[in-house]
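Report on the structure given below.
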Amino acid sequence: MRIVVAKPGLDGHDRGAKVVARALRDAGHEVIYTGLRRTPAQIVATVRDEDARFLGLSSLSGAHGHLFPTICQLLRDEGLDDVVVFGGGIIPDADRPALYDAGMRAIFGPGTSTETISAFVAEASGRDDSGVGASGGWVWEA
Amino acid sequence: MTKGAPSDRLSAARAGSRRDLARLLTDVEDGRLSASDLFEADRPLGRSIAITGPPGVGKSCFIDHLLRAHASEGEPIALLAVDPSSALSGGALLGDRIRLSSPDDEALSERIYVRSIATRRSSGSIPSVLGDLVQVLHGCGWPLVIIETVGAGQSEVRCAAVADRIVLMEGPARGDGVQAEKAGLLELADLVLVNKADLEGAERHAAELRESLALDGPDPADVLLMSAQTGLGLSEALTALRTLEARPGSERARARERLANAAEARLVGHEDYEDILARIANGTLAPEDAVEVIWRGE
């Protein structure tokens, strides 16, 4: 599976993104890491050009409420409805429903095991309602 | 999602759909499609340049300048950035984009296509389908393709099987010139760039490389000093790349790599490849017998 792991916005903390990228590699996936401080448009162009099936977004700066839904919308605008989007970082529980409504399928907070993330990728890749453009509102529950 | 025949996808990619181009490349990478399926005898024309050298020497940083320079002059340029797959998990961490600056300027980014490629089953520095990926890009309006390959050593030479030109990137304090010669690439390089020329030891290393190259005979490859970081010598390096000619005498070595690449493609493309690996690993099949089985096409 080709997976893009991206750091949107002005957030320089990428330890988590790197650990997740490494864990997904060890689970047999091809992981493209964008590096820091990418704009939503750059991230969507990367997903398109790399023909990635999954997009993992990491944010620890508090800007997730704006950046994550913007990226989901841009993906749909590009016709990349089948891309599965998940997120991680410091995302308060109260913020999560809005992100799920925007098309994200999982949010992983601190303490999530890498096995859980791999299990999510396996489950979501077998479903046809996991893409960012799918209706039905399927969300991963560990 | 775009569906349909490869030819529809090819038309869409030619008309500028990067999503269709990306999906064509995936089909080729996964072995569902080959360049000959798409183009038959009408092989698309273009130029490919491999930029290779040891890890950390500054290849991605230099390539970032190269992509921008071409795109700003209105020329499309594509990059296939190759990184190794893990032999244990089969996964790969493709990190070349970290050092690429992805321009926000839409006109520039429209002329730059970057694709990260894992080596997958190949033992060499490039996956066996790389030549087909280059062909597909040429056929979809990307006449210039840069191939970035990682690492150093004998396996690096494999990029000669695909690329029209080979640029070797070196840095300061890389040991004496013999270290570079040992890797086997020096004899194939059409141009040598010694990066990080702002650091101590770069000039001495360049001199050693020139000395080694001069022993190979007349008309050796140029050795240029540059710094992708400070911009020193950068425009000279970019100009040299633009007009780069293949060095005479490398045909035999290139043929050798093309042959090895074709043999490996057949090996790793065999339907029982994983099973054969497992049997060699548990001692029930000798590698020599496995080669016999694969060669006979059983």
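Residues in the structure tokens are named by chain (A, B, ... in the order shown) and by number from 1 within that chain; ligands are numbered from 1 in the order shown.
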
Contact set, chain B to chain A: 12 Å, only C-alpha atoms, as number ranges by chain | B: 1-2, 13, 17-27, 29-30, 78-106, 109-110, 112-120

Enumerate as a count of residues only all residues of segment 30-265 of chain B assigned to strand (DSSP E or B) by DSSP on the backbone, naming them with the chain letters and numbers the document uses.
-> 42

Could you give me, as a ChimeraX atom specification, the residues within 9 Å of Ala161 of chain B, counting only C-alpha atoms and dropping anything in the same chain fewer than 5 positions from it?
-> /B:131,253-261

Could the residues in this selection be written to a file with N, CA and C atoms, as a short mmCIF file (atom, residue, chain, number, x, y, z; two decimals), in the first residue's frame?
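Heads up, here's the output in part_26.cif:
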data_model
loop_
_atom_site.label_atom_id
_atom_site.label_comp_id
_atom_site.auth_asym_id
_atom_site.auth_seq_id
_atom_site.Cartn_x
_atom_site.Cartn_y
_atom_site.Cartn_z
N GLY B 131 12.98 1.29 -16.39
CA GLY B 131 13.04 1.70 -17.80
C GLY B 131 11.65 1.94 -18.37
N ALA B 253 29.92 -1.46 -21.05
CA ALA B 253 29.50 -1.49 -19.64
C ALA B 253 27.99 -1.29 -19.53
N ARG B 254 27.44 -0.41 -20.35
CA ARG B 254 25.99 -0.19 -20.33
C ARG B 254 25.25 -1.44 -20.78
N ALA B 255 25.79 -2.09 -21.81
CA ALA B 255 25.16 -3.32 -22.30
C ALA B 255 25.14 -4.38 -21.20
N ARG B 256 26.24 -4.45 -20.46
CA ARG B 256 26.33 -5.42 -19.37
C ARG B 256 25.22 -5.16 -18.34
N GLU B 257 25.01 -3.90 -18.00
CA GLU B 257 23.99 -3.58 -17.01
C GLU B 257 22.57 -3.81 -17.54
N ARG B 258 22.40 -3.56 -18.85
CA ARG B 258 21.08 -3.81 -19.43
C ARG B 258 20.75 -5.29 -19.40
N LEU B 259 21.78 -6.10 -19.69
CA LEU B 259 21.59 -7.55 -19.65
C LEU B 259 21.26 -8.01 -18.23
N ALA B 260 22.03 -7.52 -17.27
CA ALA B 260 21.80 -7.91 -15.88
C ALA B 260 20.40 -7.48 -15.43
N ASN B 261 19.98 -6.31 -15.87
CA ASN B 261 18.66 -5.79 -15.50
C ASN B 261 17.55 -6.67 -16.08
#

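Here atom CA of Val85 of chain A and atom CA of Pro69 of chain A stand 10.2 Å from one another.
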
Residues near segment 90-104 of chain A, cut-off 9 Å, only C-alpha atoms, skip fewer than 2 positions along chain, as a short mmCIF file (atom, residue, chain, number, x, y, z; two decimals) with N, CA and C atoms, in the first residue's frame:
data_model
loop_
_atom_site.label_atom_id
_atom_site.label_comp_id
_atom_site.auth_asym_id
_atom_site.auth_seq_id
_atom_site.Cartn_x
_atom_site.Cartn_y
_atom_site.Cartn_z
N SER A 58 -0.38 14.72 10.48
CA SER A 58 0.05 14.89 11.86
C SER A 58 0.06 16.37 12.22
N SER A 59 -0.54 16.70 13.35
CA SER A 59 -0.52 18.09 13.79
C SER A 59 -0.47 18.16 15.31
N LEU A 60 0.44 18.97 15.83
CA LEU A 60 0.53 19.18 17.27
C LEU A 60 0.44 20.65 17.60
N SER A 61 -0.03 21.44 16.65
CA SER A 61 0.01 22.89 16.86
C SER A 61 -1.36 23.48 17.17
N GLY A 62 -2.41 22.65 17.09
CA GLY A 62 -3.75 23.17 17.35
C GLY A 62 -4.48 23.66 16.11
N HIS A 64 -5.34 21.78 13.58
CA HIS A 64 -5.99 20.66 12.88
C HIS A 64 -7.41 20.99 12.45
N GLY A 65 -8.12 21.75 13.27
CA GLY A 65 -9.53 22.05 12.98
C GLY A 65 -9.71 22.80 11.68
N PHE A 68 -7.05 20.08 8.55
CA PHE A 68 -7.47 18.74 8.15
C PHE A 68 -8.70 18.77 7.23
N PRO A 69 -9.78 19.50 7.62
CA PRO A 69 -10.95 19.54 6.71
C PRO A 69 -10.63 20.21 5.37
N THR A 70 -9.74 21.21 5.37
CA THR A 70 -9.35 21.85 4.11
C THR A 70 -8.72 20.83 3.16
N CYS A 72 -9.11 17.54 3.24
CA CYS A 72 -10.14 16.58 2.81
C CYS A 72 -10.95 17.15 1.65
N GLN A 73 -11.32 18.43 1.76
CA GLN A 73 -12.10 19.05 0.69
C GLN A 73 -11.30 19.13 -0.61
N VAL A 84 -7.95 7.32 1.67
CA VAL A 84 -8.36 7.20 3.07
C VAL A 84 -7.50 8.15 3.91
N VAL A 85 -8.16 9.04 4.67
CA VAL A 85 -7.42 10.03 5.45
C VAL A 85 -7.52 9.72 6.94
N PHE A 86 -6.38 9.70 7.61
CA PHE A 86 -6.38 9.56 9.07
C PHE A 86 -5.46 10.61 9.66
N GLY A 87 -5.60 10.84 10.97
CA GLY A 87 -4.83 11.90 11.59
C GLY A 87 -4.25 11.47 12.92
N GLY A 88 -3.28 12.26 13.37
CA GLY A 88 -2.67 11.99 14.66
C GLY A 88 -2.08 13.25 15.24
N ALA A 106 -10.03 8.05 11.01
CA ALA A 106 -9.45 7.68 12.31
C ALA A 106 -8.61 8.84 12.82
N ILE A 107 -8.61 9.01 14.14
CA ILE A 107 -7.73 9.98 14.80
C ILE A 107 -6.97 9.24 15.88
N PHE A 108 -5.65 9.28 15.82
CA PHE A 108 -4.84 8.56 16.79
C PHE A 108 -4.12 9.56 17.70
N GLY A 109 -4.35 9.42 18.99
CA GLY A 109 -3.71 10.33 19.94
C GLY A 109 -2.44 9.73 20.50
N PRO A 110 -1.81 10.45 21.44
CA PRO A 110 -0.59 9.94 22.09
C PRO A 110 -0.88 8.60 22.76
N SER A 130 -14.42 3.70 2.88
CA SER A 130 -13.41 4.33 3.73
C SER A 130 -12.77 5.56 3.10
N GLY A 131 -13.02 5.80 1.81
CA GLY A 131 -12.42 6.95 1.14
C GLY A 131 -12.97 8.27 1.64
N VAL A 132 -12.22 9.32 1.38
CA VAL A 132 -12.59 10.65 1.90
C VAL A 132 -13.88 11.15 1.23
N GLY A 133 -14.22 10.57 0.08
CA GLY A 133 -15.43 10.99 -0.62
C GLY A 133 -16.63 10.10 -0.35
N ALA A 134 -16.44 9.05 0.50
CA ALA A 134 -17.53 8.10 0.73
C ALA A 134 -18.52 8.65 1.73
N SER A 135 -19.79 8.40 1.47
CA SER A 135 -20.80 8.78 2.46
C SER A 135 -21.04 7.56 3.35
N GLY A 137 -20.25 7.57 6.66
CA GLY A 137 -19.64 7.96 7.92
C GLY A 137 -18.94 6.85 8.69
N TRP A 138 -18.37 5.85 7.97
CA TRP A 138 -17.62 4.82 8.70
C TRP A 138 -16.41 5.45 9.39
N VAL A 139 -16.23 5.07 10.65
CA VAL A 139 -15.09 5.56 11.42
C VAL A 139 -14.48 4.38 12.17
#
